[in-house]
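Please read the structure below before turning to the comments.
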Amino acid sequence: MTGHPTGSSPLAPLQELLLESEDITGFLDTFTAGIAEALSTDGEQVWCAVTLLRPKRSTTVASSSPQAASLDEIQFHYGDGPCLTAAREHRLVHVADIRTDPRWPAYGAAAAEAGILSALGVPFELAGEAAAGLDVYADHPEAFDEAVLEVIQGQVAAASTTLRLAVRMARHRDTETDLKTAMASRTTIDLAVGIIMGQNRCTQERAVEILGAASNHRNVKLRDLAADLVATVGKGPASTHFDA
C-alpha cells in the first residue's frame with residue numbers, strides 16, 4: 001500500500017515556489033516531485049506528471065522524473081488516458097488495476113507493459129484559464145486507497161490557485177512577447193517599404209504592393225523578406241531586385 005502523506009503540503013509555500021520558478025514547467029516539476037516523494041515508500045515507488053492544456057498553445061508536461069515523463073508520453077501517443085480524461089472532463093479518474101480497466105484498452109495494455117498497474121488523473125481547478133490534470137502512477141494494483149485519494153485531491157486543490165496565477169502570468173508574457181514581435185516586424189516592414197520607395201521613386205502604396213508581390217513570388221514571409229532587404233541595405237549599397 002502506498003504511504004499515506006499528511007494533509008499538509010510537503011512543499012514550500014506554493015506562491016513562493018512560483019516566484020522562484022522560471023516558468024510554469026519549473027513550478028510544476030517541483031510540485032510533482034514533492035507529491036511523488038510524499039507518496040513513495042520503501043519498495044513502492046510513485047511517479048507524477050502534469051498535463052497542462054491551453055488554447056492555441058502546446059501541451060506543457062511537467063514531471064517528477066524522466067520516467068514519469070515517459071509514462072505520460074504513452075497517453076499522448078494514444079490520445080487518451082487517466083490524466084487527459086481528468087483534464088478534459090474535469091473529474092477524478094481512478095484506475096485501480098490497469099489490466100482489468102476497460103476504459104482505454106490500447107493505452108491500458110501499453111501502460112501495463114511499461115510496468116504501470118495503478119493510475120490516478122486528478123483535475124486542477126483553473127476557472128477557465130486552462131485545463132490541467134495531475135497523473136499519478138504506481139507499479140502495483142490497488143495502490144491508492146480513499147485516504148490517499150483525499151490527500152492528493154487536497155494537494156491539487158491547494159495548487160490550483162497558484163497554477164491559475166502561473167497560467168495567467170504566462171499568458172501575459174506570451175501576449176507581451178507576441179506584441180513585441182509584431183512591433184518589431186512592423187518596424188522592419190516599414191523600413192523596407194521606405195527603401196523600396198527610395199529605390200523606385202514610388203508611393204508608399206506602390207512600395208507595399210511591390211514588397212507583397214515579391215513575398216508571394218519568392219514564397220517568403222513578408223517580415224522575413226523585409227528583414228533581408230533592410231539587412232542588405234545596411235551592409236552597403238543596395239543591391240536588390242524589387243522592380244516597380
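By convention here, the chains of the C-alpha cells are called A, B, ... in the order presented, each chain's residues are numbered starting at 1, and ligands are numbered starting at 1 in the order presented.
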* Could you write out, as a VMD selection string, all the residues of stretch 22-171 of chain A that DSSP marks as helix (DSSP H, G or I)? -> chain A and resid 24 to 39 66 to 78 82 to 89 105 to 113 146 to 171
File dump, residues just selected, C-alpha atoms, as a CSV table (one decimal), in the first residue's frame:
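Done, and the output landed in result_9.csv:
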chain,number,residue,atom,x,y,z
A,24,ILE,CA,5.2,27.1,-15.4
A,25,THR,CA,7.2,23.9,-16.2
A,26,GLY,CA,9.7,24.7,-13.4
A,27,PHE,CA,6.9,25.3,-10.9
A,28,LEU,CA,5.1,22.1,-11.9
A,29,ASP,CA,8.3,20.0,-11.9
A,30,THR,CA,8.9,20.9,-8.3
A,31,PHE,CA,5.3,20.4,-7.4
A,32,THR,CA,5.2,16.9,-8.9
A,33,ALA,CA,8.5,15.9,-7.3
A,34,GLY,CA,7.1,16.9,-3.9
A,35,ILE,CA,3.9,14.8,-4.4
A,36,ALA,CA,5.9,11.8,-5.7
A,37,GLU,CA,8.2,11.9,-2.7
A,38,ALA,CA,5.4,12.2,-0.3
A,39,LEU,CA,3.6,9.2,-1.7
A,66,PRO,CA,12.2,11.4,-16.6
A,67,GLN,CA,10.4,8.1,-16.1
A,68,ALA,CA,7.2,9.9,-15.2
A,69,ALA,CA,7.5,12.0,-18.4
A,70,SER,CA,7.9,8.8,-20.5
A,71,LEU,CA,4.9,7.3,-18.8
A,72,ASP,CA,2.9,10.4,-19.8
A,73,GLU,CA,4.0,10.1,-23.4
A,74,ILE,CA,2.1,6.8,-23.6
A,75,GLN,CA,-1.1,8.8,-23.1
A,76,PHE,CA,-0.1,11.3,-25.7
A,77,HIS,CA,0.7,8.5,-28.1
A,78,TYR,CA,-2.8,7.0,-27.8
A,82,PRO,CA,-6.4,9.0,-17.0
A,83,CYS,CA,-4.8,12.4,-16.9
A,84,LEU,CA,-6.1,13.5,-20.3
A,85,THR,CA,-9.6,12.4,-19.3
A,86,ALA,CA,-9.3,14.2,-16.0
A,87,ALA,CA,-8.1,17.4,-17.6
A,88,ARG,CA,-10.7,17.4,-20.4
A,89,GLU,CA,-13.7,16.3,-18.4
A,105,PRO,CA,-7.8,-0.8,-23.9
A,106,ALA,CA,-4.9,0.2,-26.1
A,107,TYR,CA,-3.4,2.7,-23.6
A,108,GLY,CA,-4.0,0.2,-20.7
A,109,ALA,CA,-2.1,-2.6,-22.5
A,110,ALA,CA,0.8,-0.2,-23.2
A,111,ALA,CA,0.9,1.1,-19.6
A,112,ALA,CA,0.9,-2.4,-18.2
A,113,GLU,CA,3.7,-3.4,-20.5
A,146,GLU,CA,-9.5,6.6,0.0
A,147,ALA,CA,-7.2,8.3,2.4
A,148,VAL,CA,-4.5,8.8,-0.3
A,149,LEU,CA,-7.1,9.9,-2.8
A,150,GLU,CA,-8.3,12.6,-0.3
A,151,VAL,CA,-4.8,13.9,0.3
A,152,ILE,CA,-3.9,14.0,-3.4
A,153,GLN,CA,-7.1,15.9,-4.2
A,154,GLY,CA,-6.3,18.3,-1.4
A,155,GLN,CA,-2.8,18.9,-2.7
A,156,VAL,CA,-4.1,19.6,-6.2
A,157,ALA,CA,-6.8,21.9,-4.9
A,158,ALA,CA,-4.2,23.8,-2.9
A,159,ALA,CA,-2.0,24.1,-6.0
A,160,SER,CA,-4.9,25.1,-8.3
A,161,THR,CA,-5.0,28.8,-7.3
A,162,THR,CA,-1.2,29.2,-7.7
A,163,LEU,CA,-1.2,27.3,-11.0
A,164,ARG,CA,-4.1,29.5,-12.3
A,165,LEU,CA,-1.9,32.5,-11.4
A,166,ALA,CA,1.0,30.9,-13.2
A,167,VAL,CA,-1.1,30.3,-16.3
A,168,ARG,CA,-2.3,33.9,-16.3
A,169,MET,CA,1.2,35.2,-15.9
A,170,ALA,CA,2.4,33.0,-18.7
A,171,ARG,CA,-0.4,34.3,-20.9
Contact residues around A:Val50 with only C-alpha atoms at 8 Å, ignoring same-chain residues under 4 positions, as a short mmCIF file (atom, residue, chain, number, x, y, z; two decimals) with C-alpha atoms, in the first residue's frame:
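Just written: selection04.cif:
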data_model
loop_
_atom_site.label_atom_id
_atom_site.label_comp_id
_atom_site.auth_asym_id
_atom_site.auth_seq_id
_atom_site.Cartn_x
_atom_site.Cartn_y
_atom_site.Cartn_z
CA LEU A 28 5.10 22.05 -11.87
CA THR A 32 5.16 16.86 -8.92
CA THR A 60 3.01 21.55 -21.29
CA VAL A 61 4.13 18.45 -19.46
CA ALA A 62 5.90 18.56 -16.13
CA SER A 63 7.09 15.51 -14.25
CA CYS A 83 -4.79 12.39 -16.93
CA ALA A 132 -4.84 20.55 -16.42
CA GLY A 133 -4.55 17.26 -14.60
CA LEU A 134 -2.12 15.54 -12.27
CA ASP A 135 -1.18 12.00 -13.29
#
* Asked: Mind pulling up the distance from atom CA of A:Ser215 to atom CA of A:Val193?
  -> 12.6 Å
* Of the candidates A:Ser64, A:Ala213, A:Ile195, A:Leu53, which shows the shortest atom-to-atom distance to A:Thr232, using only C-alpha atoms? ->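 Closest to A:Thr232, using only C-alpha atoms: A:Ile195.
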* Asked: atom CA of A:Glu205 and atom CA of A:Thr188 are how many Å apart?
  ->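 Taking atom CA of A:Glu205 and atom CA of A:Thr188, their separation equals 16.2 Å.
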* To do: Would you list, as a ChimeraX atom specification, the residues of stretch 3-163 of chain A that end up in strand (DSSP E) under DSSP run on this structure's backbone?
  => /A:46-53,60-63,93-95,118-123,131-138
* Asked: Quick one: distance from atom CA of A:Thr51 to atom CA of A:Glu142 in Å, one decimal?
  ->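 Straight-line distance from atom CA of A:Thr51 to atom CA of A:Glu142 works out to 23.0 Å.
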* Nearest to A:Arg91 among A:Gly79, A:Arg223, A:Ala131, A:Arg201, with distances taken over only C-alpha atoms: which residue is it? ->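 Looking at the shortest contact to A:Arg91, the residue is A:Ala131.
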* To do: Choose the residue, out of A:Ser65, A:Asn219, A:Thr41, A:Gln199, that has the smallest atom-to-atom separation from A:Ala143; count only C-alpha atoms.
  => A:Thr41
* To do: Just the residues within 7 Å of A:Leu117, please, counting only C-alpha atoms, with nothing from its chain fewer than 4 positions along; format it as a PyMOL selection string.
  => chain A and resi 97-99+112+138-141
